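Participant: Take this structure first; my questions come after.
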Amino acid sequence: MKEGLRQSMAWLHTWAGLVFGWLLFAIWLTGTLAYFQDEINHWAHPEVPVRALDARASLASAQTFMQAQAADSQRWFISLPDHRNPEMGVMYQVPGKTGRGSFSRNLVDPQSGAKQETRESRGGEFFYRFHFELQMGYPWGRWLASAAAFVMFFTLVSGIITHKKIFKEFFTFRPGKAQRSWLDGHNAIGVLILPFHLLISYSSLVIFMSMIMPASILTSYHGKVTDFYADVFPSAAVASAAATPAPMLPLTQLYDTAVQKLPGAGFSRVGVEHAGNSNATVEFTPDDSGSIAYRAADGLVLSAVTGEVLSRPQDTPVPIIIGAGFYGLHMAHFAGPVLRWLYFLGGIGGTVLIGTGLVMWLNKRQLKHAKAGVMPFELRLVEVLNLASMAGLLWAIPSFLLTNRLLPMAMEGRSDWEVRMFFIAWGLSLLHALCRRGKRAWVEQLLVAAGLMGALPFVSALTTDHGLWQSIGSGDWAIAGVDLTAFAGALFLGWTVRKLLKKKAAAPSRKAATRESVPVLESEASR
Amino acid sequence: MMPAVLLSYVGFTALCLAMEKHHGELLRRKPSPLHKRGLAVAGWLLLALSLALAVQQAGWAFGLVNWTAGLMGSAVLLVWLLPYQPRLALGIAGASLLIAPLTVFGVV
Amino acid sequence: MASRTSGVPLAYRLAVTSRILAAALGGYAVAALSSIFIAWTLPMARPEAVVSSMMLAFVVYLVAVLWCFSCRSAWRAWAGLLLPGLVLAIADGVLYWVNQP
């Protein structure tokens with residue numbers, strides 16, 4: 001750090017990248033999958049039929065369900081089916097309970113109002129939650145994920161500072177040159193989609209900013225945090241329940257009013273508060289396709305008793321639009337199919353950015369010990385962690401999906417077992433990584449991952465009525481997409497293994513080449 | 001979105017050719033200072049034009065998002081093709097330059 | 001960058017640890033103090049000022065971290081945080097007194 005800015009930034013980039021890289025790889029990959037969480041949810045519940053969308057009828061069914069299931073519940077939220085996911089979710093606060101864990105989540109048939117019979121599975125929602133909660137208790141997972149996000153942020157910036165030839169080498173990618181190619185690839189992915197990487201990293205901090213940087217809320221609002229939320233989310237500020245019971249108007253009638261007040265808006269979510277009381281409200285949240293900024297609590301609020309408008313979507317002040325804009329750009333709810341795939345590819349890019357960094361970190365130091373034959377403990381640790389965190393995750397993800405297909409439909413605790421298999425598979429990968437070394441360990445693990453992914457469409461076809469033949473035939477591209485993408489992933493991993501094995505055969509000459517080839521990172525920074 | 005993305009690709013190709021090293025590799029000749037300057041100016045102008053088209057089509061919010069996505073996508077495609085299929089890379093640029101005006105007017 | 005741990009002197013290790021602590025904890029403190037300052041000085045309505053202050057605080061945190069690792073010594077890392085931190089703390093104190101409800 002006495003050597004100059006580029007050197008010190010290279011040091012920071014290298015070490016922060018290593019220590020947090022393993023976690024960040026998992027966050028990025030599961031987050032990338034989360035862009036298709038609705039489709040994966042649909043894939044995980046293939047029994048849910050795809051029907052023509054009818055919001056009005058769906059709401060009637062939801063109300064039927066609530067009256068039968070939990071007529072006393074005062075707070076309930078309905079997520080309406082859309083073209084990406086035919087499921088209707090109804091969640092209600094169990095009467096008598098408050099706070100976290102007090103909500104019952106259900107899938108309801110939008111046609112009949114009965115509970116949707118489908119296999120119990122978290123589907124794509126598991127990947128979504130995992131990428132910011134890390135399967136850890138509240139709020140620790142979020143804190144750790146946020147810390148990782150901040151490390152990603154400054155690791156990106158230190159990488160930019162250290163990349164001396166960022167403009168000169170903007171178009172440079174030289175394959176077939178061992179370490180130089182790895183660095184070129186890492187730099188290319190980093191620089192060419194830099195806006196995406198910076199956006200995702202910074203916006204993830206903005207999403208959790210009230211939790212991780214609350215100082216100014218506490219001081220400016222003199223400790224009254226609820227006042228802050230009321231200011232920023234005006235429609236969420238509902239009056240406290242009045243004592244007088246009063247019947248609610250039918251949801252279909254309120255829906256008609258909402259459509260009249262907000263013509264042209266589709267609604268994604270309907271929320272009922274203080275049901276059964278004179279202060280009952282219904283909020284209709286417009287769907288996200290029309291706006292980049294994510295304004296979940298800026299819907300149309302009607303009195304559930306009289307139908308009058310209590311709050312409309314308002315002109316939001318610019319700074320709040322900016323914050324909501326970052327949120328929306330991260331979540332990509334507005335994205336149509338093309339943009340959504342671009343987001344997905346960008347996410348894969350970010351994941352590969354981290355992965356190539358981890359591999360280069362080890363490769364560079366391994367060269368120094370190649371002659372000695374014995375690897376020092378720290379490098380062996382990195383070798384194991386690299387393999388288990390990357391290939392291991394590639395075992396875990398398809399294992400989760402395969403378990404969805406293989407477990408009996410009516411099994412008790414089914415969805416917990418799917419999650420368990422995710423971690424068991426990951427654990428097995430770690431065990432393998434501890435027992436095997438070097439390139440052959442990678443070849444073995446990637447082959448297993450390829451096998452697991454490649455098996456998915458076949459297992460889907462054998463265990464459900466929605467194998468590729470049927471799903472493509474009926475135009476259900478969500479279900480087909482998951483199977484096809486898994487298979488494409490398997491092909492890609494197979495191709496990677498082939499390249500690794502080819503290189504293995506040419507190893508002696510490669511080693512000679514790398515010793516002479518242009519060294520990486522810090523030395524590059526000093527040129 | 002199409003014309004904006006096509007023009008981004010051409011713009012990046014021009015900026016790439018404006019660099020002596022890439023110009024030499026791709027066109028097998030040394031670029032004169034005039035060539036370099038001209039290509040660089042053309043490249044930046046094309047990128048700016050692609051931004052204008054994106055915003056004109058979808059407004060500022062969606063326009064900027066689409067433009068940035070198109071920029072990143074076309075840059076990745078170009079850099080990926082350059083070492084493996086340089087002639088294809090240049091061919092796409094040429095074709096894009098021809099097709100882009102047609103997509104603007106809805107012919108293609 | 002020496003990878004053989006036995007060859008790395010203790011003083012170096014302590015210096016690195018010191019910088020890490022400065023960056024992680026000191027950087028956060030400076031970011032938080034600056035967010036308080038920004039929220040009270042931005043000429044806009046309260047919720048907007050607070051939202052802006054939080055978004056800007058991460059940039060301050062970023063700069064603080066980069067400072068801690070680019071400056072010439074671990075002492076300078078801390079000094080570079082404590083000085084602005086102190087100024088901000090005093091300013092925040094004044095603003096708190098001015099903004100009493």
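In the structure tokens, the first chain shown is A, the next is B, and so on; residue numbers restart at 1 for each chain, and ligands run from 1 in the order shown.
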With a distance threshold of 10 Å and counting only C-alpha atoms, extract the residues of chain B near chain A and express them as a ChimeraX atom specification.

Facilitator: /B:12-13,15-17,19,21-22,61-62,65-66,68-84

Participant: Which chain A residues are at most 8 Å from chain C (counting only C-alpha atoms), as a PyMOL selection string?

Facilitator: chain A and resi 1-2+4-5+8-9+12+153-154+158+205-206+209-210+213-217+219-220+228+231-232+317-320+323+365

Participant: Would you output that residue set with C-alpha atoms, as a tab-separated table (two decimals), in the first residue's frame?

Facilitator:
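Listing of again22.tsv after writing:
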chain	number	residue	atom	x	y	z
A	1	MET	CA	0.00	0.00	0.00
A	2	LYS	CA	3.01	2.23	-0.09
A	4	GLY	CA	0.90	3.61	-5.34
A	5	LEU	CA	-2.82	3.75	-5.96
A	8	SER	CA	-3.01	-0.79	-3.35
A	9	MET	CA	-6.30	-1.11	-5.20
A	12	LEU	CA	-7.73	-4.69	-2.02
A	153	PHE	CA	-19.31	-2.66	-4.79
A	154	PHE	CA	-15.87	-1.57	-3.68
A	158	SER	CA	-10.99	-1.04	-7.01
A	205	LEU	CA	-27.57	-1.62	-0.98
A	206	VAL	CA	-30.35	0.85	-1.74
A	209	MET	CA	-30.73	0.96	3.08
A	210	SER	CA	-33.36	1.53	5.77
A	213	MET	CA	-27.90	2.76	7.04
A	214	PRO	CA	-30.71	3.99	9.31
A	215	ALA	CA	-28.83	6.80	11.05
A	216	SER	CA	-30.47	9.66	9.18
A	217	ILE	CA	-33.94	8.18	9.58
A	219	THR	CA	-32.10	11.53	13.65
A	220	SER	CA	-34.32	13.34	11.17
A	228	PHE	CA	-40.68	7.90	7.81
A	231	ASP	CA	-44.07	9.68	4.37
A	232	VAL	CA	-42.38	7.50	1.77
A	317	PRO	CA	-40.71	13.36	-5.50
A	318	VAL	CA	-37.55	12.89	-7.53
A	319	PRO	CA	-35.20	11.49	-4.85
A	320	ILE	CA	-37.77	8.87	-3.90
A	323	GLY	CA	-34.49	5.18	-4.88
A	365	ARG	CA	-0.12	-18.69	-6.57

Participant: Pick out the residues sitting within 9 Å of region 455-463 of chain A, and hand them over as a PyMOL selection string; count only C-alpha atoms, and ignore anything fewer than 2 positions along from it in its own chain.

Facilitator: chain A and resi 398+401-402+405-406+450-453+465-470+480+482-484+486-487+490

Participant: Output N, CA and C atoms for every residue in that selection, as a compact mmCIF listing (two decimals), in the first residue's frame.

Facilitator:
# COMPACT_ATOMS: atom_id res chain seq x y z
N PRO A 398 -29.45 -28.09 -9.31
CA PRO A 398 -30.24 -29.13 -9.97
C PRO A 398 -30.78 -30.18 -8.99
N LEU A 401 -34.05 -29.00 -7.78
CA LEU A 401 -35.09 -29.14 -8.80
C LEU A 401 -35.45 -30.60 -9.03
N LEU A 402 -34.43 -31.46 -9.02
CA LEU A 402 -34.71 -32.89 -9.22
C LEU A 402 -35.55 -33.43 -8.07
N ARG A 405 -39.10 -33.07 -8.44
CA ARG A 405 -39.73 -34.02 -9.35
C ARG A 405 -39.83 -35.41 -8.75
N LEU A 406 -38.88 -35.76 -7.86
CA LEU A 406 -38.77 -37.14 -7.43
C LEU A 406 -39.54 -37.46 -6.16
N ALA A 450 -23.11 -31.67 -14.62
CA ALA A 450 -23.69 -31.79 -15.96
C ALA A 450 -24.72 -32.92 -15.98
N GLY A 451 -24.38 -34.02 -15.32
CA GLY A 451 -25.31 -35.14 -15.26
C GLY A 451 -26.60 -34.77 -14.57
N LEU A 452 -26.48 -34.07 -13.44
CA LEU A 452 -27.68 -33.68 -12.69
C LEU A 452 -28.56 -32.75 -13.53
N MET A 453 -27.93 -31.75 -14.16
CA MET A 453 -28.70 -30.81 -14.96
C MET A 453 -29.31 -31.48 -16.18
N ASP A 465 -46.79 -34.89 -16.08
CA ASP A 465 -47.44 -34.82 -17.39
C ASP A 465 -46.95 -33.60 -18.16
N HIS A 466 -45.85 -33.03 -17.69
CA HIS A 466 -45.42 -31.77 -18.31
C HIS A 466 -43.99 -31.86 -18.78
N GLY A 467 -43.62 -33.00 -19.34
CA GLY A 467 -42.30 -33.11 -19.93
C GLY A 467 -42.20 -32.21 -21.14
N LEU A 468 -41.00 -32.13 -21.69
CA LEU A 468 -40.76 -31.19 -22.78
C LEU A 468 -41.76 -31.35 -23.92
N TRP A 469 -42.08 -32.61 -24.22
CA TRP A 469 -43.00 -32.86 -25.34
C TRP A 469 -44.32 -32.14 -25.11
N GLN A 470 -44.87 -32.33 -23.89
CA GLN A 470 -46.17 -31.72 -23.60
C GLN A 470 -46.06 -30.21 -23.41
N ALA A 480 -41.20 -25.46 -20.14
CA ALA A 480 -40.22 -25.95 -21.11
C ALA A 480 -38.89 -25.24 -20.92
N VAL A 482 -37.42 -24.02 -18.26
CA VAL A 482 -36.59 -24.50 -17.15
C VAL A 482 -35.88 -25.79 -17.57
N ASP A 483 -36.65 -26.72 -18.15
CA ASP A 483 -36.04 -27.98 -18.59
C ASP A 483 -34.97 -27.74 -19.64
N LEU A 484 -35.27 -26.87 -20.60
CA LEU A 484 -34.32 -26.62 -21.69
C LEU A 484 -33.06 -25.92 -21.19
N ALA A 486 -31.82 -26.05 -18.20
CA ALA A 486 -31.03 -27.01 -17.44
C ALA A 486 -30.20 -27.86 -18.40
N PHE A 487 -30.84 -28.29 -19.48
CA PHE A 487 -30.13 -29.13 -20.44
C PHE A 487 -29.01 -28.36 -21.12
N ALA A 490 -26.16 -28.23 -18.92
CA ALA A 490 -25.43 -29.49 -18.92
C ALA A 490 -24.49 -29.56 -20.12

Participant: Could you tell me how far CA of Phe105 (chain B) lies from CA of Ala58 (chain B), in Å and to one decimal?

Facilitator: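 These atoms are spaced 15.6 Å apart.
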
Participant: Which polymer residues have any atom within 7 Å of an atom of region 262-270 of chain A, counting only C-alpha atoms, with same-chain residues fewer than 3 positions away left out, as a list in words?

Facilitator: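 Everything that qualifies: Phe77, Ile78, Ser79, Leu80, Ala258, Val259, Val282, Glu283, Phe284, Thr285, Pro286 and Asp287 of chain A.
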